[in-house]
Amino acid sequence: MPRFPILAGAVALALACSLPPARRSAVPPTPAGIGRFDDLVSRELSGDSALRTVAFVEQFWRQPGSPGFDTSIARVAGILERAGYVPEEGAPPDAPLVYRLERRPLARPAWTPLDASLAIEGGPELLRFSGNRNMLAIGSYSTPDTGVAAQVVDLSNATAGDIERLGVAGKIVYAKGQGRRLVAQAMRAGAVGALTYGLPGYLKPEVNRTSIQFGGFAGDSVRRTWSILLSFAAREALESALARGPVRVRAKSTVAWRKADELTLVAEARGAARPAERFVFSAHVQEPGANDNASGVATQAEMARVLAALVRRGDARPARTITFLWGDEIISTRRFLEDDSARTAGVLWGLSLDMVGEDTEKTGGTFLIEKMPDPSAIWTRGEDRHSEWGGEPLTVEQMTPHYFNDFVLQRCREVARAVPGGWVVNTNPFEGGSDHTPFLSAGKPGLLMWHFTDRFYHTDNDRLDKVSAAEMRNVGRCALVTALALASADAATGEQVVAELRAAALDRLEREFALSRDSIAAGGDRAEQRRIVETWASWYEGAIRSAATLPVGAPLAPARIASAVAEVRAAAEAHLAGL
């Protein structure tokens, strides 16, 4: 996205001179406390250790209740035990490191794919499970051992009124794009199975020809229907055969269903001064990819190990509790926040680790911090941009002013400056869809660390070779330093947060002024442009005020908060006067 040029000339010069002198002062050096935490974490945390955990977890198909999900949870529990966490049940009240395994019966049996294949009769094999473990749609049933052989009916150009005329009973239907909505109707009309294709363009399927994204299917338990998802190469081969005349295929599928419990693993380093107040990390175990989300599981496990080592050596003892959750995406985090109102009252921050280990050269995904709702989620312009995931524009009423956005970003920028060769750190406006959303729904600060746009996202080519130990080390480092700094924040940390917010606010207002000035010059609505600048000013004023109670001891001096807010307001008024 192109930058908007800043106009030069007397008006711009006069405005620049009218800005408060503090705008041009440097942010104070990082306090010794935060720097000390970074030194401790950077010496201990190992990306290679995290990568070994990814290598184990990514072997398995992981849905709640599946053997692979449970085995992955057990692997992390073993890491916790070896690090010094003890079972919470029976642990003494002053035990600094505890963990528990929560079990809840699943309402429906858990599904696991075991084997599958698809071949054109008298022609080539199109897919085999050993190379495409996403080929069976979640919810498909097993075929007979010899498979199902039937003619393929192409629904690509069909409408709802065509299903009866096409005579799909006893046949296998093929659909792509919007035609996939007809599959359920075809199944009700007697089709025995389905072949579907629907890979989005950002996955570059014409290049990554064997990729298949996992997806779901409402299978019929009586007729034991199934659906096979196609790669670009398989779709191309099938359509080529269909173009030559009628096609019969043989499809085989083997799946397992079992009654099981949903598992959630919770580990805590209990706070020494305010144990009821918490920083909560969440990494979901389900989804079968290496980056999504074995990398989040593994990075968080390594962070928990490092934290335990620091606590046991006496190098660190957070004043507030630091909690780690591993479970089912969104569900486990939401339950943690909903099940105990007293516990939830003490949750001060939430941070989700999702797809945090990407080798960016291979996946194309950039490391991102998805921000809490700020005005960039209303007016996405300038250097701000959404990911390919996309997001709906928010309203001013949905804004959540807080220091968390800028605090995490600053810690990641510090790591980036310290990493030889640098590390790319970007942000995106709020989009939702991961474990940060339950925090926000509960009225808690919540952020997401992730990578996008990933050309292997949700595909069976999201494997270990796409994961970077160095990337996990970088993410884990800034995430754990963030938690330690906030959980044990002193007055110096609070002062630093205010100084960083003040600098970020003045910088943002200057950039938004330039964008608004250019928009007005191009015929844009002046009132709307003034509203944008005013909204950013109000957001940062609220963010600065939110830092007042950050220190574990006494709140920050009201005069310090008021002074920073006044500087931001003065800059805003100067910019508004220029529009």
# chains A, B, ... in the order shown; residues from 1 in each chain; ligands from 1
$ closest_atom_pairs --of "region 60-152 of chain A" --to "region 213-234 of chain A" --cutoff "10 Å" --atoms "only C-alpha atoms" --output "Markdown table"
| residue | atom | partner | partner_atom | distance |
| --- | --- | --- | --- | --- |
| A:Ala116 | CA | A:Ile228 | CA | 8.8 |
| A:Ser117 | CA | A:Ile228 | CA | 9.0 |
| A:Leu118 | CA | A:Ile228 | CA | 8.2 |
| A:Ala119 | CA | A:Ala234 | CA | 9.6 |
| A:Pro124 | CA | A:Ala234 | CA | 9.9 |
| A:Glu125 | CA | A:Ala234 | CA | 8.9 |
| A:Leu126 | CA | A:Ala234 | CA | 5.2 |
| A:Leu127 | CA | A:Ala234 | CA | 6.9 |
| A:Asn132 | CA | A:Ser231 | CA | 8.7 |
| A:Arg133 | CA | A:Phe214 | CA | 8.6 |
| A:Asn134 | CA | A:Phe214 | CA | 5.0 |
| A:Met135 | CA | A:Leu229 | CA | 4.9 |
| A:Leu136 | CA | A:Ile228 | CA | 4.8 |
| A:Ala137 | CA | A:Gly216 | CA | 5.0 |
| A:Ile138 | CA | A:Gly216 | CA | 4.4 |
| A:Gly139 | CA | A:Phe217 | CA | 5.2 |
| A:Ser140 | CA | A:Trp226 | CA | 4.1 |
| A:Tyr141 | CA | A:Arg224 | CA | 5.1 |
| A:Ser142 | CA | A:Arg224 | CA | 6.9 |
| A:Thr143 | CA | A:Arg224 | CA | 7.4 |
| A:Pro144 | CA | A:Arg224 | CA | 9.9 |
$ residues_around --residues "Thr366 (chain A)" --least-positions-apart "4" --cutoff "12 Å" --atoms "only C-alpha atoms" --output "ChimeraX atom specification"
/A:355-362,370,387-388,423-428,449-455,471
$ closest_residue --among "A:Ile330, A:Ser49, A:Thr459, A:Val153" --to "Thr210 (chain A)" --atoms "only C-alpha atoms"
A:Thr459
$ residues_around --residues "Gly170 (chain A)" --least-positions-apart "5" --cutoff "7 Å" --atoms "only C-alpha atoms" --output "list of chain:residue names"
A:Gly190, A:Ala191, A:Val192
$ closest_residue --among "A:Ile212, A:Glu512, A:Leu394, A:Trp257" --to "Gly382 (chain A)" --atoms "only C-alpha atoms"
A:Glu512
$ residues_around --residues "Ile378 (chain A)" --least-positions-apart "5" --cutoff "10 Å" --atoms "only C-alpha atoms" --output "PyMOL selection string"
chain A and resi 373+391-396+398-399+429-430+532+535
$ write_last_selection --atoms "N, CA and C atoms" --output "mmCIF file, in the first residue's frame"
data_model
loop_
_atom_site.group_PDB
_atom_site.id
_atom_site.type_symbol
_atom_site.label_atom_id
_atom_site.label_comp_id
_atom_site.auth_asym_id
_atom_site.auth_seq_id
_atom_site.Cartn_x
_atom_site.Cartn_y
_atom_site.Cartn_z
ATOM 1 N N PRO A 373 -9.136 -3.474 19.118
ATOM 2 C CA PRO A 373 -9.785 -2.473 18.264
ATOM 3 C C PRO A 373 -9.300 -1.054 18.545
ATOM 4 N N GLY A 391 -11.233 -8.078 7.529
ATOM 5 C CA GLY A 391 -11.995 -7.680 8.705
ATOM 6 C C GLY A 391 -13.086 -6.703 8.331
ATOM 7 N N GLU A 392 -14.157 -6.723 9.103
ATOM 8 C CA GLU A 392 -15.256 -5.786 8.891
ATOM 9 C C GLU A 392 -14.942 -4.470 9.608
ATOM 10 N N PRO A 393 -15.238 -3.328 8.986
ATOM 11 C CA PRO A 393 -14.998 -2.046 9.659
ATOM 12 C C PRO A 393 -15.751 -1.966 10.984
ATOM 13 N N LEU A 394 -15.084 -1.465 12.012
ATOM 14 C CA LEU A 394 -15.696 -1.318 13.322
ATOM 15 C C LEU A 394 -16.246 0.099 13.477
ATOM 16 N N THR A 395 -16.819 0.367 14.625
ATOM 17 C CA THR A 395 -17.375 1.685 14.920
ATOM 18 C C THR A 395 -16.589 2.318 16.064
ATOM 19 N N VAL A 396 -16.768 3.602 16.252
ATOM 20 C CA VAL A 396 -16.106 4.303 17.355
ATOM 21 C C VAL A 396 -16.511 3.686 18.690
ATOM 22 N N GLN A 398 -16.951 0.694 19.388
ATOM 23 C CA GLN A 398 -16.273 -0.582 19.603
ATOM 24 C C GLN A 398 -14.790 -0.426 19.939
ATOM 25 N N MET A 399 -14.312 0.783 20.029
ATOM 26 C CA MET A 399 -12.900 0.989 20.323
ATOM 27 C C MET A 399 -12.577 0.576 21.760
ATOM 28 N N PRO A 429 -4.938 -4.340 11.792
ATOM 29 C CA PRO A 429 -6.123 -3.968 12.567
ATOM 30 C C PRO A 429 -6.876 -5.212 13.026
ATOM 31 N N PHE A 430 -7.716 -5.044 14.005
ATOM 32 C CA PHE A 430 -8.456 -6.173 14.561
ATOM 33 C C PHE A 430 -9.281 -6.868 13.479
ATOM 34 N N ILE A 532 -11.472 11.660 12.111
ATOM 35 C CA ILE A 532 -10.445 10.618 12.196
ATOM 36 C C ILE A 532 -9.346 11.044 13.167
ATOM 37 N N THR A 535 -10.610 11.052 16.717
ATOM 38 C CA THR A 535 -10.803 9.703 17.266
ATOM 39 C C THR A 535 -9.479 9.100 17.709
#
$ closest_atom_pairs --of "region 263-354 of chain A" --to "region 70-77 of chain A" --cutoff "10 Å" --atoms "only C-alpha atoms" --output "Markdown table"
| residue | atom | partner | partner_atom | distance |
| --- | --- | --- | --- | --- |
| A:Leu263 | CA | A:Asp70 | CA | 7.0 |
| A:Thr264 | CA | A:Ile73 | CA | 7.8 |
| A:Leu265 | CA | A:Ile73 | CA | 6.9 |
| A:Val266 | CA | A:Ala77 | CA | 9.2 |
| A:Ala267 | CA | A:Ala77 | CA | 8.9 |
| A:Val285 | CA | A:Ser72 | CA | 7.5 |
| A:Gln286 | CA | A:Ser72 | CA | 9.5 |
| A:Ala294 | CA | A:Ser72 | CA | 9.0 |
| A:Val297 | CA | A:Val76 | CA | 8.1 |
| A:Ala298 | CA | A:Val76 | CA | 8.0 |
| A:Gln300 | CA | A:Val76 | CA | 9.4 |
| A:Ala301 | CA | A:Val76 | CA | 6.3 |
| A:Glu302 | CA | A:Val76 | CA | 9.3 |
| A:Ala304 | CA | A:Val76 | CA | 9.8 |
| A:Arg305 | CA | A:Val76 | CA | 9.9 |
| A:Trp326 | CA | A:Ile73 | CA | 7.4 |
| A:Gly327 | CA | A:Ile73 | CA | 8.0 |
$ residues_around --residues "region 408-414 of chain A" --least-positions-apart "6" --cutoff "8 Å" --atoms "only C-alpha atoms" --output "list in words"
Ile369, Val425, Val475, Cys478, Ala479, Val481 and Thr482 of chain A
$ decode --residues "region 514-544 of chain A" --atoms "C-alpha atoms" --output "short mmCIF file (atom, residue, chain, number, x, y, z; two decimals), in the first residue's frame"
data_model
loop_
_atom_site.label_atom_id
_atom_site.label_comp_id
_atom_site.auth_asym_id
_atom_site.auth_seq_id
_atom_site.Cartn_x
_atom_site.Cartn_y
_atom_site.Cartn_z
CA ALA A 514 -0.81 14.22 6.74
CA LEU A 515 -3.23 11.62 5.38
CA SER A 516 -6.25 13.76 6.20
CA ARG A 517 -4.69 16.87 4.69
CA ASP A 518 -4.01 15.00 1.46
CA SER A 519 -7.54 13.61 1.45
CA ILE A 520 -9.07 17.06 1.83
CA ALA A 521 -6.82 18.39 -0.94
CA ALA A 522 -8.16 15.59 -3.17
CA GLY A 523 -11.78 16.54 -2.42
CA GLY A 524 -12.39 14.46 0.72
CA ASP A 525 -14.90 15.44 3.38
CA ARG A 526 -13.24 17.84 5.85
CA ALA A 527 -15.54 16.93 8.76
CA GLU A 528 -14.80 13.24 8.33
CA GLN A 529 -11.06 13.86 8.22
CA ARG A 530 -11.22 15.91 11.39
CA ARG A 531 -13.22 13.10 12.99
CA ILE A 532 -10.44 10.62 12.20
CA VAL A 533 -7.77 12.75 13.86
CA GLU A 534 -10.00 13.42 16.86
CA THR A 535 -10.80 9.70 17.27
CA TRP A 536 -7.11 8.79 17.31
CA ALA A 537 -6.43 11.52 19.88
CA SER A 538 -9.24 10.28 22.12
CA TRP A 539 -8.08 6.69 21.75
CA TYR A 540 -4.56 7.49 22.89
CA GLU A 541 -5.80 9.68 25.73
CA GLY A 542 -7.77 6.69 26.97
CA ALA A 543 -4.79 4.38 26.46
CA ILE A 544 -2.58 6.64 28.59
#
